[in-house]
$ cat data_27.cif   # mmCIF, C-alpha atoms
data_protein
loop_
_atom_site.label_atom_id
_atom_site.label_comp_id
_atom_site.auth_asym_id
_atom_site.auth_seq_id
_atom_site.Cartn_x
_atom_site.Cartn_y
_atom_site.Cartn_z
CA MET N 1 111.92 43.62 60.90
CA ASN N 2 114.85 46.00 61.17
CA MET N 3 113.81 49.50 62.32
CA PHE N 4 117.29 50.95 61.94
CA ARG N 5 118.68 50.80 58.43
CA ARG N 6 121.58 52.53 56.81
CA SER N 7 120.92 53.86 53.33
CA ASP N 8 123.29 55.17 50.66
CA SER N 9 122.33 58.73 51.57
CA GLY N 10 123.33 58.34 55.23
CA PRO N 11 122.27 56.88 58.53
CA GLU N 12 118.63 56.30 59.28
CA GLY N 13 117.14 55.21 62.53
CA PHE N 14 119.04 55.17 65.80
CA GLU N 15 121.79 57.66 64.83
CA ASP N 16 119.25 60.10 63.45
CA VAL N 17 117.16 59.81 66.60
CA ILE N 18 120.20 60.49 68.79
CA ASP N 19 121.11 63.54 66.65
CA GLU N 20 117.55 64.86 66.88
CA ILE N 21 117.43 64.35 70.65
CA THR N 22 120.80 66.09 71.10
CA GLU N 23 119.70 69.05 68.97
CA SER N 24 116.39 69.24 70.83
CA ILE N 25 118.21 69.36 74.18
CA ARG N 26 120.48 72.14 72.89
CA ARG N 27 117.53 74.19 71.62
CA THR N 28 115.68 73.69 74.90
CA PHE N 29 118.66 74.72 77.03
CA THR N 30 119.33 77.72 74.76
CA GLY N 31 115.71 78.75 75.34
CA ILE N 32 116.15 78.41 79.11
CA VAL N 33 119.28 80.59 79.02
CA VAL N 34 117.55 83.19 76.83
CA ASP N 35 114.57 83.27 79.25
CA HIS N 36 116.93 83.94 82.16
CA LEU N 37 118.88 86.55 80.17
CA GLU N 38 115.65 88.34 79.39
CA ASP N 39 114.64 88.31 83.07
CA LEU N 40 118.07 89.58 84.15
CA LEU N 41 118.71 92.22 81.49
CA ALA N 42 115.44 93.56 80.04
CA LEU N 43 114.56 95.73 83.00
CA PRO N 44 113.78 99.47 83.16
CA HIS N 45 116.60 100.24 85.62
CA ARG N 46 119.08 98.55 83.22
CA HIS N 47 117.79 100.69 80.32
CA MET N 48 117.43 97.64 78.07
CA CYS N 49 114.44 96.15 76.31
CA VAL N 50 113.92 93.04 74.20
CA VAL N 51 113.78 93.54 70.45
CA ASP N 52 113.49 89.87 69.50
CA ARG N 53 114.29 86.32 70.55
CA HIS N 54 115.80 83.88 68.08
CA MET N 55 115.75 86.58 65.42
CA GLU N 56 116.58 85.27 61.97
CA LEU N 57 118.64 87.42 59.63
CA MET N 58 119.08 86.45 55.99
CA GLU N 59 122.16 87.18 53.90
CA ASP N 60 123.06 85.56 50.60
CA GLU N 61 120.27 82.99 51.02
CA ARG N 62 121.72 81.87 54.34
CA ASP N 63 119.98 82.24 57.71
CA TYR N 64 121.75 83.56 60.78
CA THR N 65 120.11 83.61 64.20
CA VAL N 66 120.55 86.10 67.02
CA ASP N 67 119.47 84.27 70.18
CA LEU N 68 118.52 87.49 71.98
CA LEU N 69 118.52 91.00 70.54
CA LEU N 70 118.27 93.78 73.10
CA PHE N 71 118.22 97.54 72.69
CA HIS N 72 119.90 99.86 75.18
CA VAL N 73 117.68 102.93 75.26
CA THR N 74 120.16 105.43 76.74
CA GLN N 75 123.11 104.33 74.61
CA LEU N 76 120.87 103.89 71.54
CA ARG N 77 122.55 100.65 70.53
CA TYR N 78 121.61 97.03 69.88
CA ILE N 79 123.11 94.21 71.92
CA ALA N 80 123.24 90.91 70.02
CA ILE N 81 123.62 87.90 72.29
CA GLN N 82 124.64 84.48 70.97
CA VAL N 83 124.22 81.43 73.19
CA HIS N 84 126.27 78.33 72.38
CA VAL N 85 125.39 75.17 74.26
CA GLY N 86 128.72 73.39 74.37
CA ARG N 87 132.42 74.09 74.70
CA PHE N 88 133.90 77.47 73.87
CA ASN N 89 135.78 77.59 70.59
CA PRO N 90 137.58 80.76 69.38
CA VAL N 91 135.86 80.35 65.98
CA LEU N 92 132.61 81.29 67.72
CA ILE N 93 133.95 84.80 68.39
CA GLY N 94 134.28 85.38 64.65
CA ARG N 95 130.76 84.07 64.06
CA THR N 96 129.41 86.37 66.76
CA ARG N 97 131.25 89.35 65.28
CA TYR N 98 129.73 88.48 61.90
CA THR N 99 126.24 88.33 63.42
CA VAL N 100 126.85 91.72 65.07
CA SER N 101 127.81 93.13 61.67
CA LEU N 102 124.59 91.71 60.18
CA VAL N 103 122.54 93.48 62.87
CA ASP N 104 124.43 96.68 62.03
CA ASP N 105 123.77 96.23 58.30
CA LEU N 106 120.19 94.96 58.39
CA VAL N 107 118.59 96.36 61.56
CA ARG N 108 120.46 99.39 62.87
CA ILE N 109 119.71 102.87 61.52
CA PRO N 110 123.21 104.41 61.27
CA GLU N 111 121.98 108.02 61.49
CA THR N 112 120.21 107.28 64.77
CA HIS N 113 121.81 104.28 66.49
CA ARG N 114 125.31 103.71 67.74
CA PRO N 115 127.18 100.59 66.56
CA THR N 116 125.88 97.24 67.77
CA VAL N 117 127.82 95.29 70.39
CA GLY N 118 127.79 91.56 70.93
CA ILE N 119 128.06 88.93 73.60
CA LEU N 120 129.03 85.30 73.14
CA LEU N 121 127.88 83.04 75.93
CA CYS N 122 129.10 79.41 75.97
CA THR N 123 127.90 76.87 78.48
CA ASP N 124 131.30 75.26 78.93
CA ALA N 125 134.96 76.24 78.82
CA PRO N 126 137.51 74.62 76.50
CA ALA N 127 138.69 71.15 77.52
CA ASP N 128 142.07 72.49 78.65
CA GLN N 129 140.52 74.89 81.20
CA LEU N 130 138.43 74.55 84.33
CA ALA N 131 134.84 73.58 83.62
CA GLY N 132 132.24 76.32 83.61
CA PRO N 133 130.58 78.84 81.33
CA VAL N 134 132.44 81.42 79.26
CA ALA N 135 131.17 84.91 78.37
CA ILE N 136 132.94 87.12 75.86
CA ALA N 137 131.76 90.74 75.63
CA LEU N 138 132.55 92.33 72.27
CA TYR N 139 132.69 95.92 73.50
CA ASP N 140 135.86 96.82 71.57
CA ASP N 141 135.44 100.53 70.93
CA LEU N 142 133.46 101.52 74.01
CA SER N 143 134.59 103.68 76.89
CA HIS N 144 134.74 102.18 80.38
CA ALA N 145 131.62 104.16 81.33
CA GLU N 146 129.68 102.71 78.37
CA GLN N 147 130.89 99.19 79.15
CA ALA N 148 129.86 99.52 82.79
CA ASP N 149 126.26 100.16 81.71
CA LEU N 150 126.15 96.93 79.64
CA PRO N 151 125.96 93.28 80.76
CA LEU N 152 129.16 92.13 82.45
CA PRO N 153 130.70 88.76 81.54
CA LEU N 154 130.85 87.76 85.21
CA GLU N 155 127.10 88.22 85.75
CA LEU N 156 126.38 86.29 82.53
CA THR N 157 128.52 83.30 83.52
CA ALA N 158 126.80 83.28 86.92
CA LEU N 159 123.46 83.22 85.10
CA VAL N 160 124.48 80.18 83.05
CA ASP N 161 125.63 78.45 86.25
CA ARG N 162 122.17 79.10 87.73
CA CYS N 163 120.52 77.70 84.59
CA VAL N 164 122.63 74.54 84.80
CA ASP N 165 121.91 74.20 88.54
CA THR N 166 118.17 74.71 87.98
CA THR N 167 118.04 72.21 85.12
CA THR N 168 120.10 69.66 87.06
CA ALA N 169 117.87 70.03 90.12
CA LYS N 170 114.69 69.55 88.06
CA HIS N 171 116.04 66.36 86.49
CA ALA N 172 117.24 65.03 89.85
CA MET N 173 113.72 65.42 91.26
CA SER N 174 112.15 63.61 88.28
#

$ encode --input "data_27.cif" --output "structure tokens"
Amino acid sequence: MNMFRRSDSGPEGFEDVIDEITESIRRTFTGIVVDHLEDLLALPHRHMCVVDRHMELMEDERDYTVDLLLFHVTQLRYIAIQVHVGRFNPVLIGRTRYTVSLVDDLVRIPETHRPTVGILLCTDAPADQLAGPVAIALYDDLSHAEQADLPLPLELTALVDRCVDTTTAKHAMS
């Protein structure tokens, strides 16, 4: 009896299981990072609150997900955070910008809210750079004072490092 067969429509069995396990690990780690982001950022003294986690936005019959959507109550703006478990790729910046524009189009009330900003958080740098997380803050048109009141890339990369350290320590004890 062969449990792993290849069909005309694609691989079945072992390769599918590996793909499912890999995707499950990515979703789990994304959830861990989002939990820590929420704990770090959604605090009264930071003037931010959680709007939604893993918020799905639909456009042209296609789903887009915002991993964490925050609202800054003094700046009256949404902060869309995308978490990518894996290496940074410049293409991800464009995807994050697109997700930010979807939040602007589908969630934000233009008469009341300022434009949405975004953050891309990757768990690992490109292969040609030193290992470690990468955070890109898409705060293009904001003043320095406005930027200073929002999450800083340095604190976000430190948070991902803590998530990796925590996860590694838990698995080492198992």

$ closest_residue --input "data_27.cif" --among "N:Pro115, N:Gly132, N:Pro44, N:Gly94" --to "Arg77 of chain N" --atoms "all atoms listed in the file"
N:Pro115

$ atom_distance --input "data_27.cif" --atom1 "atom CA of Met55 of chain N" --atom2 "atom CA of Asp16 of chain N"
26.8 Å

$ atom_distance --input "data_27.cif" --atom1 "atom CA of Arg97 of chain N" --atom2 "atom CA of Glu20 of chain N"
28.1 Å

$ resolve_selection --input "data_27.cif" --expression "the PyMOL selection byres ((chain N and resi 152-158) around 7)" --output "PyMOL selection string"
chain N and resi 133-137+150-151+159-162

$ atom_distance --input "data_27.cif" --atom1 "atom CA of Glu15 of chain N" --atom2 "atom CA of Phe29 of chain N"
21.2 Å

$ closest_residue --input "data_27.cif" --among "N:Val73, N:Thr22, N:Ser143, N:His36" --to "Thr112 of chain N" --atoms "only C-alpha atoms"
N:Val73

$ resolve_selection --input "data_27.cif" --expression "the PyMOL selection byres ((chain N and resi 52) around 10)" --output "PyMOL selection string"
chain N and resi 49-51+53-56+66-71+80

$ resolve_selection --input "data_27.cif" --expression "the PyMOL selection byres ((chain N and resi 125) around 12)" --output "list in words"
His84, Val85, Gly86, Arg87, Phe88, Asn89, Pro90, Leu121, Cys122, Thr123, Asp124, Pro126, Ala127, Asp128, Gln129, Leu130, Ala131, Gly132, Pro133, Val134, Ala135, Ile136, Thr157 and Val160 of chain N

$ closest_residue --input "data_27.cif" --among "N:Tyr78, N:Asp35, N:His144, N:Val17" --to "Asp105 of chain N" --atoms "only C-alpha atoms"
N:Tyr78

$ residues_around --input "data_27.cif" --residues "Leu138 of chain N" --least-positions-apart "3" --cutoff "9 Å" --atoms "only C-alpha atoms" --output "list of chain:residue names"
N:Ile93, N:Thr96, N:Arg97, N:Val117, N:Gly118, N:Ile119, N:Leu120, N:Asp141

$ closest_residue --input "data_27.cif" --among "N:Cys163, N:Glu146, N:Leu106, N:Gln82" --to "Ile32 of chain N" --atoms "all atoms listed in the file"
N:Cys163

$ residues_around --input "data_27.cif" --residues "Leu102 of chain N" --least-positions-apart "2" --cutoff "9 Å" --atoms "all atoms listed in the file" --output "list in words"
Leu57, Met58, Glu59, Tyr64, Arg97, Tyr98, Thr99, Val100, Asp104, Asp105, Leu106 and Val107 of chain N

$ write_last_selection --input "data_27.cif" --atoms "C-alpha atoms" --output "mmCIF file, in the frame of the given file"
data_model
loop_
_atom_site.group_PDB
_atom_site.id
_atom_site.type_symbol
_atom_site.label_atom_id
_atom_site.label_comp_id
_atom_site.auth_asym_id
_atom_site.auth_seq_id
_atom_site.Cartn_x
_atom_site.Cartn_y
_atom_site.Cartn_z
ATOM 1 C CA LEU N 57 118.640 87.420 59.630
ATOM 2 C CA MET N 58 119.080 86.450 55.990
ATOM 3 C CA GLU N 59 122.160 87.180 53.900
ATOM 4 C CA TYR N 64 121.750 83.560 60.780
ATOM 5 C CA ARG N 97 131.250 89.350 65.280
ATOM 6 C CA TYR N 98 129.730 88.480 61.900
ATOM 7 C CA THR N 99 126.240 88.330 63.420
ATOM 8 C CA VAL N 100 126.850 91.720 65.070
ATOM 9 C CA ASP N 104 124.430 96.680 62.030
ATOM 10 C CA ASP N 105 123.770 96.230 58.300
ATOM 11 C CA LEU N 106 120.190 94.960 58.390
ATOM 12 C CA VAL N 107 118.590 96.360 61.560
#

$ build_atoms --input "data_27.cif" --residues "segment 136-154 of chain N" --atoms "N, CA, C and O atoms" --output "compact mmCIF listing (two decimals), in the coordinates of the input"
# COMPACT_ATOMS: atom_id res chain seq x y z
N ILE N 136 132.04 86.19 76.53
CA ILE N 136 132.94 87.12 75.86
C ILE N 136 132.11 88.33 75.45
O ILE N 136 131.16 88.21 74.67
N ALA N 137 132.45 89.50 75.99
CA ALA N 137 131.76 90.74 75.63
C ALA N 137 132.55 91.42 74.52
O ALA N 137 133.74 91.69 74.67
N LEU N 138 131.90 91.67 73.41
CA LEU N 138 132.55 92.33 72.27
C LEU N 138 132.23 93.82 72.31
O LEU N 138 131.41 94.33 71.55
N TYR N 139 132.89 94.49 73.27
CA TYR N 139 132.69 95.92 73.50
C TYR N 139 133.94 96.69 73.09
O TYR N 139 134.37 97.61 73.77
N ASP N 140 134.54 96.34 71.97
CA ASP N 140 135.86 96.82 71.57
C ASP N 140 136.07 98.33 71.65
O ASP N 140 137.05 98.78 72.22
N ASP N 141 135.19 99.10 71.06
CA ASP N 141 135.44 100.53 70.93
C ASP N 141 134.68 101.38 71.93
O ASP N 141 134.48 102.58 71.71
N LEU N 142 134.26 100.78 73.03
CA LEU N 142 133.46 101.52 74.01
C LEU N 142 134.32 102.03 75.16
O LEU N 142 135.30 101.39 75.55
N SER N 143 133.90 103.15 75.71
CA SER N 143 134.59 103.68 76.89
C SER N 143 134.25 102.80 78.09
O SER N 143 133.31 102.01 78.05
N HIS N 144 135.01 102.95 79.16
CA HIS N 144 134.74 102.18 80.38
C HIS N 144 133.35 102.50 80.94
O HIS N 144 132.66 101.62 81.45
N ALA N 145 132.94 103.76 80.84
CA ALA N 145 131.62 104.16 81.33
C ALA N 145 130.52 103.47 80.53
O ALA N 145 129.52 103.00 81.10
N GLU N 146 130.67 103.39 79.21
CA GLU N 146 129.68 102.71 78.37
C GLU N 146 129.65 101.21 78.68
O GLU N 146 128.57 100.61 78.77
N GLN N 147 130.82 100.62 78.83
CA GLN N 147 130.89 99.19 79.15
C GLN N 147 130.22 98.88 80.49
O GLN N 147 129.56 97.85 80.64
N ALA N 148 130.40 99.75 81.45
CA ALA N 148 129.86 99.52 82.79
C ALA N 148 128.34 99.48 82.80
O ALA N 148 127.73 98.88 83.68
N ASP N 149 127.72 100.11 81.80
CA ASP N 149 126.26 100.16 81.71
C ASP N 149 125.69 98.97 80.93
O ASP N 149 124.48 98.84 80.80
N LEU N 150 126.56 98.10 80.43
CA LEU N 150 126.15 96.93 79.64
C LEU N 150 126.35 95.65 80.46
O LEU N 150 127.02 95.68 81.50
N PRO N 151 125.78 94.55 80.01
CA PRO N 151 125.96 93.28 80.76
C PRO N 151 127.44 92.92 80.93
O PRO N 151 128.23 93.01 79.98
N LEU N 152 127.79 92.52 82.13
CA LEU N 152 129.16 92.13 82.45
C LEU N 152 129.34 90.63 82.27
O LEU N 152 128.46 89.84 82.65
N PRO N 153 130.46 90.20 81.72
CA PRO N 153 130.70 88.76 81.54
C PRO N 153 130.53 87.95 82.82
O PRO N 153 129.97 86.85 82.79
N LEU N 154 130.95 88.49 83.94
CA LEU N 154 130.85 87.76 85.21
C LEU N 154 129.40 87.49 85.58
O LEU N 154 129.06 86.38 86.01
